[in-house]
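Engineer: Take a look at the following structure, please.
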Amino acid sequence: MLILSRKPGESIVIDGRIVVTVIRLDGEMVKVGISAPREVPVHRQEVYDEIQRNNVEALTENRPRIPRFVTKQSSATHRKPAPALLGH
Amino acid sequence: MITAEMTETETCQTEARDIIRLPFGLLGFEHVKQYILLANPAEEPFMWFQMLDDVKRAFLVAPPASIVSDYQPDISDDEVDFLELADPADAFLLNIVTLNRNGSATVNLKGPIVVNRRTLIGKQVILNNAAQYSLHHPLTAS
């Protein structure tokens, strides 16, 4: 791992298009600003990791039967299939 | 219109064959970029977000309005630009449901799949206000 020392206000350029700037230090917290092209996803590592893990757990095979759950829509009053929701 | 290969147990009630493209895939499934949304009236409000090229593999999803009444997802400007959402009404949200072995289920409210219903381009978005929502919002059995 490359380790660089930076002062608040100083930056690091990655690949000529991503700029990471140390904004300020506040006790143990470091505020970091990131400028990146919009096709570059930027996430906090821990949120990214937990959502990724959740996705892996949520994947199903052969579409299992769905147990009955309480939901906000009654199928009797909202007979609107998915195709109507997309690409109209 | 594309006809997806159906599994043998398929009841053929599904109609939505429009391909939803996720240029970044889902987190953990970055290489899978094309999905179709399968809806069966008997399963409302749940739907299956199925991998186009792997008909056996699907995520159970639900629109957030069917799960919680006060969902106010804060989607960053960058995501709005990327998805070309000119109007909030362009956004179609799906939240991933996890079915547990014991029959319980939870819904991810932190990272919905946001689809532009005009372009059918989507992305799993980590909300700016993800901290106020649960990754494991429990569904109540009925």
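By convention here, the chains of the structure tokens are called A, B, ... in the order presented, each chain's residues are numbered starting at 1, and ligands are numbered starting at 1 in the order presented.
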Among chain B, which residues carry a DSSP assignment of strand (DSSP E), reported as a ChimeraX atom specification?
Structural biologist: /B:19-21,34-38,47-51,57-62,91-99,105-107,113-116,122-124,137-138
Engineer: Per DSSP on the backbone, filter chain A down to the residues in alpha helix (DSSP H) and report them as a ChimeraX atom specification.
Structural biologist: /A:45-58
Engineer: Just to be explicit: take each residue in the selection above, keep N, CA and C atoms, and write the result as a PDB file, in the first residue's frame.
Structural biologist:
```
ATOM      1  N   GLN A  45     -16.341   2.337   2.861  1.00  0.00           N
ATOM      2  CA  GLN A  45     -16.056   0.901   2.791  1.00  0.00           C
ATOM      3  C   GLN A  45     -17.070   0.056   3.572  1.00  0.00           C
ATOM      4  N   GLU A  46     -17.416   0.465   4.808  1.00  0.00           N
ATOM      5  CA  GLU A  46     -18.239  -0.412   5.637  1.00  0.00           C
ATOM      6  C   GLU A  46     -19.674  -0.524   5.114  1.00  0.00           C
ATOM      7  N   VAL A  47     -20.201   0.585   4.563  1.00  0.00           N
ATOM      8  CA  VAL A  47     -21.559   0.529   4.014  1.00  0.00           C
ATOM      9  C   VAL A  47     -21.560  -0.343   2.763  1.00  0.00           C
ATOM     10  N   TYR A  48     -20.547  -0.136   1.952  1.00  0.00           N
ATOM     11  CA  TYR A  48     -20.391  -0.929   0.737  1.00  0.00           C
ATOM     12  C   TYR A  48     -20.335  -2.417   1.081  1.00  0.00           C
ATOM     13  N   ASP A  49     -19.505  -2.751   2.071  1.00  0.00           N
ATOM     14  CA  ASP A  49     -19.319  -4.155   2.440  1.00  0.00           C
ATOM     15  C   ASP A  49     -20.612  -4.787   2.945  1.00  0.00           C
ATOM     16  N   GLU A  50     -21.370  -4.045   3.771  1.00  0.00           N
ATOM     17  CA  GLU A  50     -22.559  -4.671   4.353  1.00  0.00           C
ATOM     18  C   GLU A  50     -23.669  -4.832   3.307  1.00  0.00           C
ATOM     19  N   ILE A  51     -23.751  -3.896   2.375  1.00  0.00           N
ATOM     20  CA  ILE A  51     -24.767  -4.036   1.322  1.00  0.00           C
ATOM     21  C   ILE A  51     -24.381  -5.162   0.364  1.00  0.00           C
ATOM     22  N   GLN A  52     -23.092  -5.242   0.102  1.00  0.00           N
ATOM     23  CA  GLN A  52     -22.607  -6.331  -0.755  1.00  0.00           C
ATOM     24  C   GLN A  52     -22.911  -7.696  -0.125  1.00  0.00           C
ATOM     25  N   ARG A  53     -22.657  -7.813   1.170  1.00  0.00           N
ATOM     26  CA  ARG A  53     -22.920  -9.066   1.876  1.00  0.00           C
ATOM     27  C   ARG A  53     -24.422  -9.380   1.870  1.00  0.00           C
ATOM     28  N   ASN A  54     -25.209  -8.330   2.076  1.00  0.00           N
ATOM     29  CA  ASN A  54     -26.658  -8.518   2.067  1.00  0.00           C
ATOM     30  C   ASN A  54     -27.145  -9.001   0.699  1.00  0.00           C
ATOM     31  N   ASN A  55     -26.580  -8.439  -0.377  1.00  0.00           N
ATOM     32  CA  ASN A  55     -26.969  -8.879  -1.718  1.00  0.00           C
ATOM     33  C   ASN A  55     -26.660 -10.360  -1.914  1.00  0.00           C
ATOM     34  N   VAL A  56     -25.487 -10.758  -1.465  1.00  0.00           N
ATOM     35  CA  VAL A  56     -25.091 -12.155  -1.632  1.00  0.00           C
ATOM     36  C   VAL A  56     -26.066 -13.069  -0.885  1.00  0.00           C
ATOM     37  N   GLU A  57     -26.469 -12.637   0.322  1.00  0.00           N
ATOM     38  CA  GLU A  57     -27.406 -13.443   1.103  1.00  0.00           C
ATOM     39  C   GLU A  57     -28.805 -13.462   0.479  1.00  0.00           C
ATOM     40  N   ALA A  58     -29.144 -12.377  -0.235  1.00  0.00           N
ATOM     41  CA  ALA A  58     -30.501 -12.257  -0.770  1.00  0.00           C
ATOM     42  C   ALA A  58     -30.707 -13.035  -2.069  1.00  0.00           C
TER      43      ALA A  58
END
```
Engineer: Per residue of chain B within 6 Å of chain A, what are the shortest atom pair and its distance in Å to one decimal, counting only C-alpha atoms, with rows by chain and residue number, as JSON lines?
Structural biologist:
```
{"residue": "B:Ala16", "atom": "CA", "partner": "A:Pro83", "partner_atom": "CA", "distance": 5.3}
{"residue": "B:Leu27", "atom": "CA", "partner": "A:Gln52", "partner_atom": "CA", "distance": 4.8}
{"residue": "B:Gly28", "atom": "CA", "partner": "A:Gln52", "partner_atom": "CA", "distance": 4.9}
{"residue": "B:Ala39", "atom": "CA", "partner": "A:Ala82", "partner_atom": "CA", "distance": 5.7}
{"residue": "B:Lys56", "atom": "CA", "partner": "A:Asn62", "partner_atom": "CA", "distance": 4.7}
{"residue": "B:Arg57", "atom": "CA", "partner": "A:Glu61", "partner_atom": "CA", "distance": 4.8}
{"residue": "B:Ala58", "atom": "CA", "partner": "A:Thr60", "partner_atom": "CA", "distance": 5.4}
{"residue": "B:Phe59", "atom": "CA", "partner": "A:Leu59", "partner_atom": "CA", "distance": 5.1}
{"residue": "B:Ser66", "atom": "CA", "partner": "A:Lys72", "partner_atom": "CA", "distance": 4.5}
{"residue": "B:Ile67", "atom": "CA", "partner": "A:Thr71", "partner_atom": "CA", "distance": 5.6}
{"residue": "B:Thr98", "atom": "CA", "partner": "A:Ala58", "partner_atom": "CA", "distance": 4.4}
{"residue": "B:Arg117", "atom": "CA", "partner": "A:Gly87", "partner_atom": "CA", "distance": 5.0}
{"residue": "B:Arg118", "atom": "CA", "partner": "A:Gly87", "partner_atom": "CA", "distance": 5.1}
{"residue": "B:Thr140", "atom": "CA", "partner": "A:Phe69", "partner_atom": "CA", "distance": 5.4}
{"residue": "B:Ala141", "atom": "CA", "partner": "A:Phe69", "partner_atom": "CA", "distance": 4.3}
{"residue": "B:Ser142", "atom": "CA", "partner": "A:Phe69", "partner_atom": "CA", "distance": 4.9}
```
Engineer: Excluding same-chain residues fewer than 5 positions from His137 in chain B, what lies within 7 Å of it counting only C-alpha atoms, as an MDAnalysis selection string?
Structural biologist: chainID B and resid 106:109
Engineer: So what do you get for CA of Lys31 in chain A versus CA of Pro8 in chain A, distance-wise?
Structural biologist: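 Between CA of Lys31 in chain A and CA of Pro8 in chain A the gap is 8.9 Å.
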Engineer: So what do you get for CA of Asn40 in chain B versus CA of Ala130 in chain B, distance-wise?
Structural biologist: 29.8 Å
